[in-house]
Amino acid sequence: MTPPELSELQLDALVEIFNIGVGQAASSMSQIVGEEVALSVPVIEILSGVNQTDAIGSVIHNPRICAVSQDFTGGMNAKAFLIFPEGKTREIVRRMLGESVSADELSDMEQEALSEIGNIILNSCFSSLSDLLHTNFQSSLPTYHLGLIGDVLPAQESHDENLLLLLHINFALPNDKISGHLVFLLTLPSFNALIDQVDQFLNSVHGN
Amino acid sequence: MTTNQIKTVLVADDSRVARMMARTFILDIHPQWNIIEASNGLEAIAQVRIKAPDYITMDYNMPDMNGINVAEQILQLDSKIVIAMFTANVQALTRDQAESLGIGFVAKPITEASIGQALAFFASKS
């Protein structure tokens, strides 16, 4: 199966919609850590014949990660990841919980706190995507992963139909020199549904 | 005004961290209030039967049921309980469902400001 061709306008709309979703996610992140969050321009790639581990490995250059993933189902099905380099997450959790929490408590709660952060960021991003595209979704509970990308993310067979749409963005907390990634993976049927919705969105914007 | 009355708030959230933060921010403003907790929907319903809280902060994404379904069941048990939904799932559908049940809707994360919104909602319904 060959990857679907996107027109320049479709691609532009997709980037814009994704930007708005990520903007919402950044606003949530900023409320959690109490500082401004800087975002990169989103990268959208269509990958064929690769599994999700390779897809993520292609954009995350640090092989050891701390990640939270969630499955979204409904108008479009996607797997979403919030990914930090391993060892960079303690400071985020400390900021979320405040100064009164001891180092022991902090380490005890790190996994739960990050799962909650992942839940908030991924859901807020997906909510605004869904509203823009007039679809609805349900989400799974967040899953926490820590270790090598290849070990912690469940491997998938790479079939033709496993064409992946990779939406990737970097964000950074400049004061703490922490950067993270948001990655959304969509399989082909969901991708086609997404493009239909993008077309409807474009029509509504054009008013015809 | 009812601000001097001691109220009982049920914090229903599967995240221990979220419960801890909600408890801290509520007690910062109302140090006398009783805070009770539930980590899933069934526990929340059980706590309502046992402790009869005045107010509930309700997470949406929980392992056994979503917060809307839990709220529906709780309101059938006691329609006077005031519930505020706390969620990052801010899609229009979820907001509409909350609105149709007459429950408050507050976007996560749990912060001093978002807890303030929930407390204002509780006060407006008391």
# chains A, B, ... in the order shown; residues from 1 in each chain; ligands from 1
>>> residues_around(residues="Phe191 in chain A", least_positions_apart="5", cutoff="8 Å", atoms="only C-alpha atoms", output="list in words")
Met76, Leu164, Leu165 and Leu186 of chain A
>>> residues_around(residues="Ile36 in chain B", least_positions_apart="4", cutoff="12 Å", atoms="only C-alpha atoms", output="JSON, numbers by chain")
{"B": [7, 8, 9, 10, 11, 12, 13, 19, 20, 22, 23, 26, 27, 43, 44, 46, 47, 48, 50, 51, 52, 53, 54, 55, 56, 57]}
>>> write_last_selection(atoms="N, CA and C atoms", output="PDB file, in the first residue's frame")
ATOM      1  N   LYS B   7     -17.834  21.439  55.960  1.00  0.00           N
ATOM      2  CA  LYS B   7     -18.370  20.586  54.904  1.00  0.00           C
ATOM      3  C   LYS B   7     -17.485  19.348  54.746  1.00  0.00           C
ATOM      4  N   THR B   8     -18.073  18.320  54.162  1.00  0.00           N
ATOM      5  CA  THR B   8     -17.302  17.126  53.816  1.00  0.00           C
ATOM      6  C   THR B   8     -17.186  17.054  52.295  1.00  0.00           C
ATOM      7  N   VAL B   9     -15.952  16.936  51.829  1.00  0.00           N
ATOM      8  CA  VAL B   9     -15.712  16.852  50.385  1.00  0.00           C
ATOM      9  C   VAL B   9     -15.138  15.474  50.063  1.00  0.00           C
ATOM     10  N   LEU B  10     -15.733  14.810  49.107  1.00  0.00           N
ATOM     11  CA  LEU B  10     -15.185  13.557  48.598  1.00  0.00           C
ATOM     12  C   LEU B  10     -14.333  13.877  47.370  1.00  0.00           C
ATOM     13  N   VAL B  11     -13.060  13.469  47.410  1.00  0.00           N
ATOM     14  CA  VAL B  11     -12.169  13.640  46.262  1.00  0.00           C
ATOM     15  C   VAL B  11     -12.073  12.276  45.573  1.00  0.00           C
ATOM     16  N   ALA B  12     -12.683  12.139  44.409  1.00  0.00           N
ATOM     17  CA  ALA B  12     -12.679  10.865  43.682  1.00  0.00           C
ATOM     18  C   ALA B  12     -11.732  10.975  42.494  1.00  0.00           C
ATOM     19  N   ASP B  13     -10.619  10.263  42.553  1.00  0.00           N
ATOM     20  CA  ASP B  13      -9.618  10.311  41.489  1.00  0.00           C
ATOM     21  C   ASP B  13      -8.739   9.069  41.625  1.00  0.00           C
ATOM     22  N   ARG B  19      -5.268  13.266  44.093  1.00  0.00           N
ATOM     23  CA  ARG B  19      -6.051  13.358  45.342  1.00  0.00           C
ATOM     24  C   ARG B  19      -5.300  14.192  46.371  1.00  0.00           C
ATOM     25  N   MET B  20      -3.995  13.952  46.443  1.00  0.00           N
ATOM     26  CA  MET B  20      -3.182  14.676  47.422  1.00  0.00           C
ATOM     27  C   MET B  20      -3.215  16.191  47.133  1.00  0.00           C
ATOM     28  N   ALA B  22      -5.521  17.883  45.451  1.00  0.00           N
ATOM     29  CA  ALA B  22      -6.857  18.434  45.701  1.00  0.00           C
ATOM     30  C   ALA B  22      -7.057  18.655  47.203  1.00  0.00           C
ATOM     31  N   ARG B  23      -6.656  17.656  47.988  1.00  0.00           N
ATOM     32  CA  ARG B  23      -6.794  17.766  49.441  1.00  0.00           C
ATOM     33  C   ARG B  23      -6.037  19.000  49.962  1.00  0.00           C
ATOM     34  N   ILE B  26      -7.723  22.357  48.871  1.00  0.00           N
ATOM     35  CA  ILE B  26      -9.015  22.611  49.546  1.00  0.00           C
ATOM     36  C   ILE B  26      -8.760  23.015  50.997  1.00  0.00           C
ATOM     37  N   LEU B  27      -7.846  22.280  51.665  1.00  0.00           N
ATOM     38  CA  LEU B  27      -7.589  22.578  53.083  1.00  0.00           C
ATOM     39  C   LEU B  27      -6.883  23.921  53.264  1.00  0.00           C
ATOM     40  N   GLU B  43     -15.804   2.878  44.664  1.00  0.00           N
ATOM     41  CA  GLU B  43     -15.445   3.404  45.977  1.00  0.00           C
ATOM     42  C   GLU B  43     -16.145   4.737  46.240  1.00  0.00           C
ATOM     43  N   ALA B  44     -16.237   5.548  45.195  1.00  0.00           N
ATOM     44  CA  ALA B  44     -16.898   6.847  45.354  1.00  0.00           C
ATOM     45  C   ALA B  44     -18.356   6.657  45.745  1.00  0.00           C
ATOM     46  N   ALA B  46     -19.647   4.031  47.194  1.00  0.00           N
ATOM     47  CA  ALA B  46     -19.677   3.489  48.561  1.00  0.00           C
ATOM     48  C   ALA B  46     -19.469   4.597  49.584  1.00  0.00           C
ATOM     49  N   GLN B  47     -18.547   5.514  49.312  1.00  0.00           N
ATOM     50  CA  GLN B  47     -18.287   6.623  50.241  1.00  0.00           C
ATOM     51  C   GLN B  47     -19.510   7.527  50.377  1.00  0.00           C
ATOM     52  N   VAL B  48     -20.241   7.699  49.284  1.00  0.00           N
ATOM     53  CA  VAL B  48     -21.453   8.523  49.339  1.00  0.00           C
ATOM     54  C   VAL B  48     -22.474   7.874  50.268  1.00  0.00           C
ATOM     55  N   ILE B  50     -21.844   5.832  52.769  1.00  0.00           N
ATOM     56  CA  ILE B  50     -21.386   5.765  54.163  1.00  0.00           C
ATOM     57  C   ILE B  50     -21.241   7.158  54.779  1.00  0.00           C
ATOM     58  N   LYS B  51     -20.611   8.062  54.033  1.00  0.00           N
ATOM     59  CA  LYS B  51     -20.195   9.337  54.632  1.00  0.00           C
ATOM     60  C   LYS B  51     -21.072  10.523  54.223  1.00  0.00           C
ATOM     61  N   ALA B  52     -21.932  10.343  53.242  1.00  0.00           N
ATOM     62  CA  ALA B  52     -22.820  11.422  52.785  1.00  0.00           C
ATOM     63  C   ALA B  52     -22.110  12.774  52.641  1.00  0.00           C
ATOM     64  N   PRO B  53     -21.126  12.862  51.739  1.00  0.00           N
ATOM     65  CA  PRO B  53     -20.415  14.138  51.574  1.00  0.00           C
ATOM     66  C   PRO B  53     -21.344  15.240  51.038  1.00  0.00           C
ATOM     67  N   ASP B  54     -20.957  16.490  51.282  1.00  0.00           N
ATOM     68  CA  ASP B  54     -21.712  17.617  50.730  1.00  0.00           C
ATOM     69  C   ASP B  54     -21.315  17.857  49.279  1.00  0.00           C
ATOM     70  N   TYR B  55     -20.011  17.739  49.031  1.00  0.00           N
ATOM     71  CA  TYR B  55     -19.472  18.074  47.716  1.00  0.00           C
ATOM     72  C   TYR B  55     -18.567  16.941  47.212  1.00  0.00           C
ATOM     73  N   ILE B  56     -18.431  16.862  45.899  1.00  0.00           N
ATOM     74  CA  ILE B  56     -17.524  15.860  45.312  1.00  0.00           C
ATOM     75  C   ILE B  56     -16.707  16.509  44.196  1.00  0.00           C
ATOM     76  N   THR B  57     -15.388  16.297  44.224  1.00  0.00           N
ATOM     77  CA  THR B  57     -14.596  16.578  43.033  1.00  0.00           C
ATOM     78  C   THR B  57     -14.381  15.227  42.343  1.00  0.00           C
TER      79      THR B  57
END
>>> closest_atom_pairs(of="chain B", to="chain A", cutoff="12 Å", atoms="only C-alpha atoms", output="CSV")
residue,atom,partner,partner_atom,distance
B:Asp13,CA,A:Glu116,CA,10.3
B:Asp14,CA,A:Glu116,CA,9.3
B:Ser15,CA,A:Glu112,CA,6.6
B:Arg16,CA,A:Glu112,CA,7.1
B:Val17,CA,A:Ala113,CA,5.7
B:Ala18,CA,A:Glu116,CA,7.3
B:Arg19,CA,A:Ala113,CA,10.8
B:Met20,CA,A:Leu97,CA,8.9
B:Met21,CA,A:Leu97,CA,7.2
B:Ala22,CA,A:Leu97,CA,10.9
B:Thr24,CA,A:Leu97,CA,10.1
B:Phe25,CA,A:Leu97,CA,11.2
B:Asp59,CA,A:Glu116,CA,11.1
B:Tyr60,CA,A:Ser139,CA,10.3
B:Asn61,CA,A:Leu141,CA,6.8
B:Met62,CA,A:Leu141,CA,7.2
B:Pro63,CA,A:Leu141,CA,6.8
B:Asp64,CA,A:Leu141,CA,10.2
B:Met65,CA,A:Leu141,CA,11.2
B:Asn66,CA,A:Gln138,CA,9.9
B:Phe86,CA,A:Ile120,CA,10.4
B:Thr87,CA,A:Ile120,CA,7.6
B:Ala88,CA,A:Ile120,CA,4.9
B:Asn89,CA,A:Asn123,CA,5.2
B:Val90,CA,A:Ser127,CA,5.5
B:Gln91,CA,A:Ser127,CA,4.4
B:Ala92,CA,A:Asp131,CA,6.4
B:Leu93,CA,A:Asn136,CA,6.8
B:Thr94,CA,A:Asn136,CA,9.0
B:Arg95,CA,A:Ser127,CA,10.8
B:Asp96,CA,A:Asn136,CA,11.9
B:Ala107,CA,A:Ser124,CA,8.7
B:Lys108,CA,A:Ile120,CA,6.5
B:Pro109,CA,A:Ile32,CA,6.5
B:Ile110,CA,A:Ile32,CA,8.1
B:Thr111,CA,A:Ile32,CA,7.5
B:Glu112,CA,A:Gln31,CA,10.1
B:Ala113,CA,A:Gln31,CA,9.5
B:Ser114,CA,A:Gln31,CA,10.0
>>> write_last_selection(atoms="C-alpha atoms", output="tab-separated table (two decimals), in the first residue's frame")
chain	number	residue	atom	x	y	z
B	13	ASP	CA	-9.62	10.31	41.49
B	14	ASP	CA	-7.60	7.21	40.63
B	15	SER	CA	-4.36	9.20	40.84
B	16	ARG	CA	-3.03	9.40	44.38
B	17	VAL	CA	-1.07	12.50	43.39
B	18	ALA	CA	-4.21	14.22	42.11
B	19	ARG	CA	-6.05	13.36	45.34
B	20	MET	CA	-3.18	14.68	47.42
B	21	MET	CA	-3.09	17.97	45.51
B	22	ALA	CA	-6.86	18.43	45.70
B	24	THR	CA	-3.96	20.27	49.99
B	25	PHE	CA	-5.55	23.08	47.99
B	59	ASP	CA	-12.16	12.68	38.00
B	60	TYR	CA	-13.40	11.59	34.55
B	61	ASN	CA	-10.88	8.94	33.51
B	62	MET	CA	-11.02	6.17	36.15
B	63	PRO	CA	-10.36	2.44	35.82
B	64	ASP	CA	-13.84	1.06	36.48
B	65	MET	CA	-16.26	3.74	35.27
B	66	ASN	CA	-16.03	7.21	33.82
B	86	PHE	CA	-12.24	17.55	37.06
B	87	THR	CA	-10.85	16.43	33.75
B	88	ALA	CA	-8.35	17.11	31.02
B	89	ASN	CA	-10.91	15.53	28.68
B	90	VAL	CA	-12.35	18.92	27.81
B	91	GLN	CA	-13.94	17.90	24.50
B	92	ALA	CA	-17.37	19.43	23.92
B	93	LEU	CA	-19.15	16.08	24.38
B	94	THR	CA	-17.87	15.66	27.94
B	95	ARG	CA	-18.75	19.25	28.83
B	96	ASP	CA	-22.28	18.78	27.45
B	107	ALA	CA	-10.30	21.61	33.41
B	108	LYS	CA	-7.36	19.75	34.92
B	109	PRO	CA	-4.59	20.16	36.06
B	110	ILE	CA	-5.49	20.47	39.71
B	111	THR	CA	-4.04	23.79	40.84
B	112	GLU	CA	-4.93	26.42	43.38
B	113	ALA	CA	-6.87	28.20	40.63
B	114	SER	CA	-8.84	25.18	39.41
>>> select_by_dssp(residues="range 2-187 of chain A", states="alpha helix (DSSP H)", output="VMD selection string")
chain A and resid 8 to 33 52 to 57 90 to 97 103 to 132 149 to 152
>>> closest_residue(among="B:Asn34, B:Ile29, B:Ala98, B:Lys80", to="Met58 in chain B", atoms="only C-alpha atoms")
B:Ala98
>>> select_by_dssp(residues="range 22-208 of chain A", states="strand (DSSP E or B)", output="mmCIF file with N, CA, C and O atoms, in the first residue's frame")
data_model
loop_
_atom_site.group_PDB
_atom_site.id
_atom_site.type_symbol
_atom_site.label_atom_id
_atom_site.label_comp_id
_atom_site.auth_asym_id
_atom_site.auth_seq_id
_atom_site.Cartn_x
_atom_site.Cartn_y
_atom_site.Cartn_z
ATOM 1 N N ALA A 38 8.014 26.272 25.896
ATOM 2 C CA ALA A 38 8.301 26.633 24.498
ATOM 3 C C ALA A 38 8.039 25.435 23.588
ATOM 4 O O ALA A 38 8.384 24.305 23.925
ATOM 5 N N LEU A 39 7.423 25.700 22.448
ATOM 6 C CA LEU A 39 7.066 24.625 21.515
ATOM 7 C C LEU A 39 7.825 24.754 20.203
ATOM 8 O O LEU A 39 8.054 25.862 19.721
ATOM 9 N N VAL A 43 6.161 18.394 13.349
ATOM 10 C CA VAL A 43 6.617 17.648 12.181
ATOM 11 C C VAL A 43 5.592 16.555 11.914
ATOM 12 O O VAL A 43 5.178 15.852 12.829
ATOM 13 N N ILE A 44 5.153 16.457 10.681
ATOM 14 C CA ILE A 44 4.197 15.426 10.315
ATOM 15 C C ILE A 44 4.818 14.554 9.243
ATOM 16 O O ILE A 44 5.288 15.052 8.221
ATOM 17 N N GLU A 45 4.865 13.247 9.523
ATOM 18 C CA GLU A 45 5.484 12.342 8.571
ATOM 19 C C GLU A 45 4.590 11.141 8.360
ATOM 20 O O GLU A 45 3.959 10.667 9.305
ATOM 21 N N ILE A 46 4.575 10.637 7.144
ATOM 22 C CA ILE A 46 3.865 9.396 6.878
ATOM 23 C C ILE A 46 4.913 8.313 6.675
ATOM 24 O O ILE A 46 5.784 8.429 5.818
ATOM 25 N N LEU A 47 4.851 7.286 7.501
ATOM 26 C CA LEU A 47 5.865 6.239 7.462
ATOM 27 C C LEU A 47 5.194 4.938 7.059
ATOM 28 O O LEU A 47 4.131 4.595 7.579
ATOM 29 N N ARG A 64 17.104 6.008 25.989
ATOM 30 C CA ARG A 64 16.476 5.702 27.277
ATOM 31 C C ARG A 64 15.447 6.787 27.586
ATOM 32 O O ARG A 64 15.774 7.969 27.649
ATOM 33 N N ILE A 65 14.216 6.335 27.768
ATOM 34 C CA ILE A 65 13.131 7.316 27.902
ATOM 35 C C ILE A 65 12.267 7.044 29.128
ATOM 36 O O ILE A 65 12.276 5.955 29.693
ATOM 37 N N CYS A 66 11.544 8.064 29.496
ATOM 38 C CA CYS A 66 10.461 7.937 30.452
ATOM 39 C C CYS A 66 9.233 8.424 29.708
ATOM 40 O O CYS A 66 9.208 9.561 29.245
ATOM 41 N N ALA A 67 8.252 7.541 29.533
ATOM 42 C CA ALA A 67 7.128 7.904 28.667
ATOM 43 C C ALA A 67 5.798 7.521 29.299
ATOM 44 O O ALA A 67 5.727 6.607 30.121
ATOM 45 N N VAL A 68 4.779 8.234 28.904
ATOM 46 C CA VAL A 68 3.410 7.874 29.271
ATOM 47 C C VAL A 68 2.631 7.762 27.965
ATOM 48 O O VAL A 68 2.730 8.642 27.107
ATOM 49 N N SER A 69 1.920 6.652 27.803
ATOM 50 C CA SER A 69 1.147 6.500 26.567
ATOM 51 C C SER A 69 -0.323 6.305 26.892
ATOM 52 O O SER A 69 -0.690 5.891 27.991
ATOM 53 N N GLN A 70 -1.144 6.626 25.919
ATOM 54 C CA GLN A 70 -2.583 6.468 26.059
ATOM 55 C C GLN A 70 -3.174 6.134 24.701
ATOM 56 O O GLN A 70 -2.713 6.653 23.686
ATOM 57 N N ASP A 71 -4.183 5.273 24.692
ATOM 58 C CA ASP A 71 -4.870 4.951 23.450
ATOM 59 C C ASP A 71 -6.136 5.783 23.357
ATOM 60 O O ASP A 71 -6.893 5.868 24.323
ATOM 61 N N PHE A 72 -6.351 6.354 22.188
ATOM 62 C CA PHE A 72 -7.575 7.128 21.958
ATOM 63 C C PHE A 72 -8.384 6.421 20.887
ATOM 64 O O PHE A 72 -7.849 6.044 19.839
ATOM 65 N N THR A 73 -9.675 6.244 21.139
ATOM 66 C CA THR A 73 -10.547 5.588 20.166
ATOM 67 C C THR A 73 -11.774 6.462 19.949
ATOM 68 O O THR A 73 -12.139 7.259 20.813
ATOM 69 N N GLY A 74 -12.384 6.298 18.783
ATOM 70 C CA GLY A 74 -13.565 7.095 18.453
ATOM 71 C C GLY A 74 -13.473 7.540 17.016
ATOM 72 O O GLY A 74 -13.183 6.731 16.136
ATOM 73 N N ALA A 78 -5.851 6.597 17.754
ATOM 74 C CA ALA A 78 -4.440 6.978 17.792
ATOM 75 C C ALA A 78 -3.820 6.500 19.091
ATOM 76 O O ALA A 78 -4.508 6.277 20.086
ATOM 77 N N LYS A 79 -2.521 6.328 19.033
ATOM 78 C CA LYS A 79 -1.764 6.063 20.242
ATOM 79 C C LYS A 79 -0.921 7.315 20.462
ATOM 80 O O LYS A 79 -0.251 7.786 19.547
ATOM 81 N N ALA A 80 -0.999 7.866 21.653
ATOM 82 C CA ALA A 80 -0.298 9.111 21.926
ATOM 83 C C ALA A 80 0.747 8.888 23.008
ATOM 84 O O ALA A 80 0.533 8.116 23.946
ATOM 85 N N PHE A 81 1.880 9.546 22.845
ATOM 86 C CA PHE A 81 2.987 9.394 23.797
ATOM 87 C C PHE A 81 3.470 10.761 24.251
ATOM 88 O O PHE A 81 3.663 11.671 23.442
ATOM 89 N N LEU A 82 3.702 10.860 25.546
ATOM 90 C CA LEU A 82 4.437 11.990 26.108
ATOM 91 C C LEU A 82 5.778 11.404 26.548
ATOM 92 O O LEU A 82 5.812 10.467 27.350
ATOM 93 N N ILE A 83 6.872 11.924 25.990
ATOM 94 C CA ILE A 83 8.172 11.275 26.186
ATOM 95 C C ILE A 83 9.191 12.276 26.717
ATOM 96 O O ILE A 83 9.326 13.388 26.185
ATOM 97 N N PHE A 84 9.892 11.880 27.764
ATOM 98 C CA PHE A 84 11.011 12.666 28.279
ATOM 99 C C PHE A 84 12.256 11.793 28.258
ATOM 100 O O PHE A 84 12.162 10.574 28.388
ATOM 101 N N PRO A 85 13.441 12.412 28.150
ATOM 102 C CA PRO A 85 14.653 11.620 28.342
ATOM 103 C C PRO A 85 14.661 11.094 29.783
ATOM 104 O O PRO A 85 14.215 11.778 30.703
ATOM 105 N N PHE A 137 -14.139 11.178 21.327
ATOM 106 C CA PHE A 137 -13.183 10.099 21.619
ATOM 107 C C PHE A 137 -13.359 9.575 23.033
ATOM 108 O O PHE A 137 -13.949 10.230 23.885
ATOM 109 N N GLN A 138 -12.852 8.384 23.229
ATOM 110 C CA GLN A 138 -12.644 7.856 24.572
ATOM 111 C C GLN A 138 -11.145 7.616 24.704
ATOM 112 O O GLN A 138 -10.454 7.377 23.722
ATOM 113 N N SER A 139 -10.662 7.648 25.950
ATOM 114 C CA SER A 139 -9.236 7.360 26.125
ATOM 115 C C SER A 139 -9.041 6.267 27.156
ATOM 116 O O SER A 139 -9.838 6.125 28.083
ATOM 117 N N THR A 143 -0.455 4.667 30.570
ATOM 118 C CA THR A 143 0.515 3.610 30.871
ATOM 119 C C THR A 143 1.897 4.241 30.964
ATOM 120 O O THR A 143 2.267 5.062 30.114
ATOM 121 N N TYR A 144 2.644 3.852 31.983
ATOM 122 C CA TYR A 144 3.958 4.439 32.250
ATOM 123 C C TYR A 144 5.049 3.508 31.719
ATOM 124 O O TYR A 144 4.967 2.294 31.895
ATOM 125 N N HIS A 145 6.043 4.062 31.059
ATOM 126 C CA HIS A 145 7.153 3.261 30.528
ATOM 127 C C HIS A 145 8.462 3.915 30.940
ATOM 128 O O HIS A 145 8.610 5.122 30.830
ATOM 129 N N LEU A 146 9.438 3.099 31.367
ATOM 130 C CA LEU A 146 10.746 3.642 31.725
ATOM 131 C C LEU A 146 11.824 2.683 31.248
ATOM 132 O O LEU A 146 11.814 1.503 31.608
ATOM 133 N N GLY A 147 12.751 3.148 30.409
ATOM 134 C CA GLY A 147 13.844 2.295 29.954
ATOM 135 C C GLY A 147 14.178 2.560 28.502
ATOM 136 O O GLY A 147 13.910 3.642 27.971
ATOM 137 N N LEU A 148 14.756 1.541 27.856
ATOM 138 C CA LEU A 148 15.104 1.669 26.450
ATOM 139 C C LEU A 148 13.844 1.648 25.586
ATOM 140 O O LEU A 148 12.948 0.843 25.835
ATOM 141 N N LEU A 164 1.923 4.505 9.225
ATOM 142 C CA LEU A 164 1.778 5.340 10.409
ATOM 143 C C LEU A 164 1.858 6.807 10.041
ATOM 144 O O LEU A 164 2.683 7.213 9.227
ATOM 145 N N LEU A 165 0.972 7.556 10.652
ATOM 146 C CA LEU A 165 1.098 9.010 10.581
ATOM 147 C C LEU A 165 1.758 9.439 11.878
ATOM 148 O O LEU A 165 1.258 9.149 12.958
ATOM 149 N N LEU A 166 2.902 10.049 11.741
ATOM 150 C CA LEU A 166 3.658 10.452 12.911
ATOM 151 C C LEU A 166 3.556 11.970 13.062
ATOM 152 O O LEU A 166 3.923 12.716 12.164
ATOM 153 N N LEU A 167 2.988 12.368 14.165
ATOM 154 C CA LEU A 167 2.925 13.794 14.491
ATOM 155 C C LEU A 167 3.860 14.007 15.662
ATOM 156 O O LEU A 167 3.678 13.392 16.711
ATOM 157 N N HIS A 168 4.829 14.861 15.482
ATOM 158 C CA HIS A 168 5.851 15.003 16.513
ATOM 159 C C HIS A 168 6.115 16.466 16.826
ATOM 160 O O HIS A 168 6.173 17.299 15.917
ATOM 161 N N ILE A 169 6.253 16.760 18.098
ATOM 162 C CA ILE A 169 6.594 18.125 18.498
ATOM 163 C C ILE A 169 7.516 18.083 19.711
ATOM 164 O O ILE A 169 7.414 17.196 20.544
ATOM 165 N N ASN A 170 8.439 18.999 19.745
ATOM 166 C CA ASN A 170 9.314 19.158 20.916
ATOM 167 C C ASN A 170 8.778 20.271 21.774
ATOM 168 O O ASN A 170 8.343 21.292 21.250
ATOM 169 N N PHE A 171 8.856 20.096 23.074
ATOM 170 C CA PHE A 171 8.579 21.247 23.924
ATOM 171 C C PHE A 171 9.678 21.349 24.958
ATOM 172 O O PHE A 171 10.364 20.383 25.270
ATOM 173 N N ALA A 172 9.866 22.547 25.473
ATOM 174 C CA ALA A 172 10.986 22.773 26.383
ATOM 175 C C ALA A 172 10.563 23.673 27.531
ATOM 176 O O ALA A 172 9.743 24.568 27.361
ATOM 177 N N LEU A 173 11.105 23.385 28.701
ATOM 178 C CA LEU A 173 10.971 24.264 29.855
ATOM 179 C C LEU A 173 12.308 24.977 29.974
ATOM 180 O O LEU A 173 13.257 24.427 30.519
ATOM 181 N N ILE A 178 14.794 21.313 30.364
ATOM 182 C CA ILE A 178 14.125 20.028 30.159
ATOM 183 C C ILE A 178 13.367 20.118 28.850
ATOM 184 O O ILE A 178 12.663 21.101 28.603
ATOM 185 N N SER A 179 13.528 19.101 28.006
ATOM 186 C CA SER A 179 12.697 19.086 26.816
ATOM 187 C C SER A 179 11.977 17.755 26.729
ATOM 188 O O SER A 179 12.423 16.753 27.289
ATOM 189 N N GLY A 180 10.858 17.745 26.091
ATOM 190 C CA GLY A 180 10.076 16.520 25.948
ATOM 191 C C GLY A 180 9.467 16.456 24.566
ATOM 192 O O GLY A 180 9.640 17.364 23.744
ATOM 193 N N HIS A 181 8.777 15.377 24.316
ATOM 194 C CA HIS A 181 8.199 15.149 22.988
ATOM 195 C C HIS A 181 6.764 14.685 23.124
ATOM 196 O O HIS A 181 6.433 13.939 24.031
ATOM 197 N N LEU A 182 5.952 15.119 22.183
ATOM 198 C CA LEU A 182 4.610 14.571 22.042
ATOM 199 C C LEU A 182 4.582 13.843 20.709
ATOM 200 O O LEU A 182 4.949 14.419 19.682
ATOM 201 N N VAL A 183 4.174 12.590 20.724
ATOM 202 C CA VAL A 183 4.117 11.821 19.486
ATOM 203 C C VAL A 183 2.734 11.183 19.362
ATOM 204 O O VAL A 183 2.242 10.573 20.313
ATOM 205 N N PHE A 184 2.120 11.356 18.229
ATOM 206 C CA PHE A 184 0.846 10.683 17.946
ATOM 207 C C PHE A 184 1.051 9.752 16.767
ATOM 208 O O PHE A 184 1.605 10.148 15.746
ATOM 209 N N LEU A 185 0.609 8.513 16.927
ATOM 210 C CA LEU A 185 0.697 7.544 15.836
ATOM 211 C C LEU A 185 -0.711 7.133 15.428
ATOM 212 O O LEU A 185 -1.509 6.731 16.265
ATOM 213 N N LEU A 186 -0.990 7.250 14.153
ATOM 214 C CA LEU A 186 -2.286 6.810 13.625
ATOM 215 C C LEU A 186 -2.047 5.751 12.567
ATOM 216 O O LEU A 186 -1.147 5.898 11.737
#
>>> closest_residue(among="B:Ile6, B:Ile45, B:Ala118, B:Ile103", to="Val82 in chain B", atoms="only C-alpha atoms")
B:Ile103
>>> atom_distance(atom1="CA of Val70 in chain B", atom2="CA of Asn40 in chain B")
9.1 Å
>>> atom_distance(atom1="CA of Asn175 in chain A", atom2="CA of Gln24 in chain A")
20.4 Å
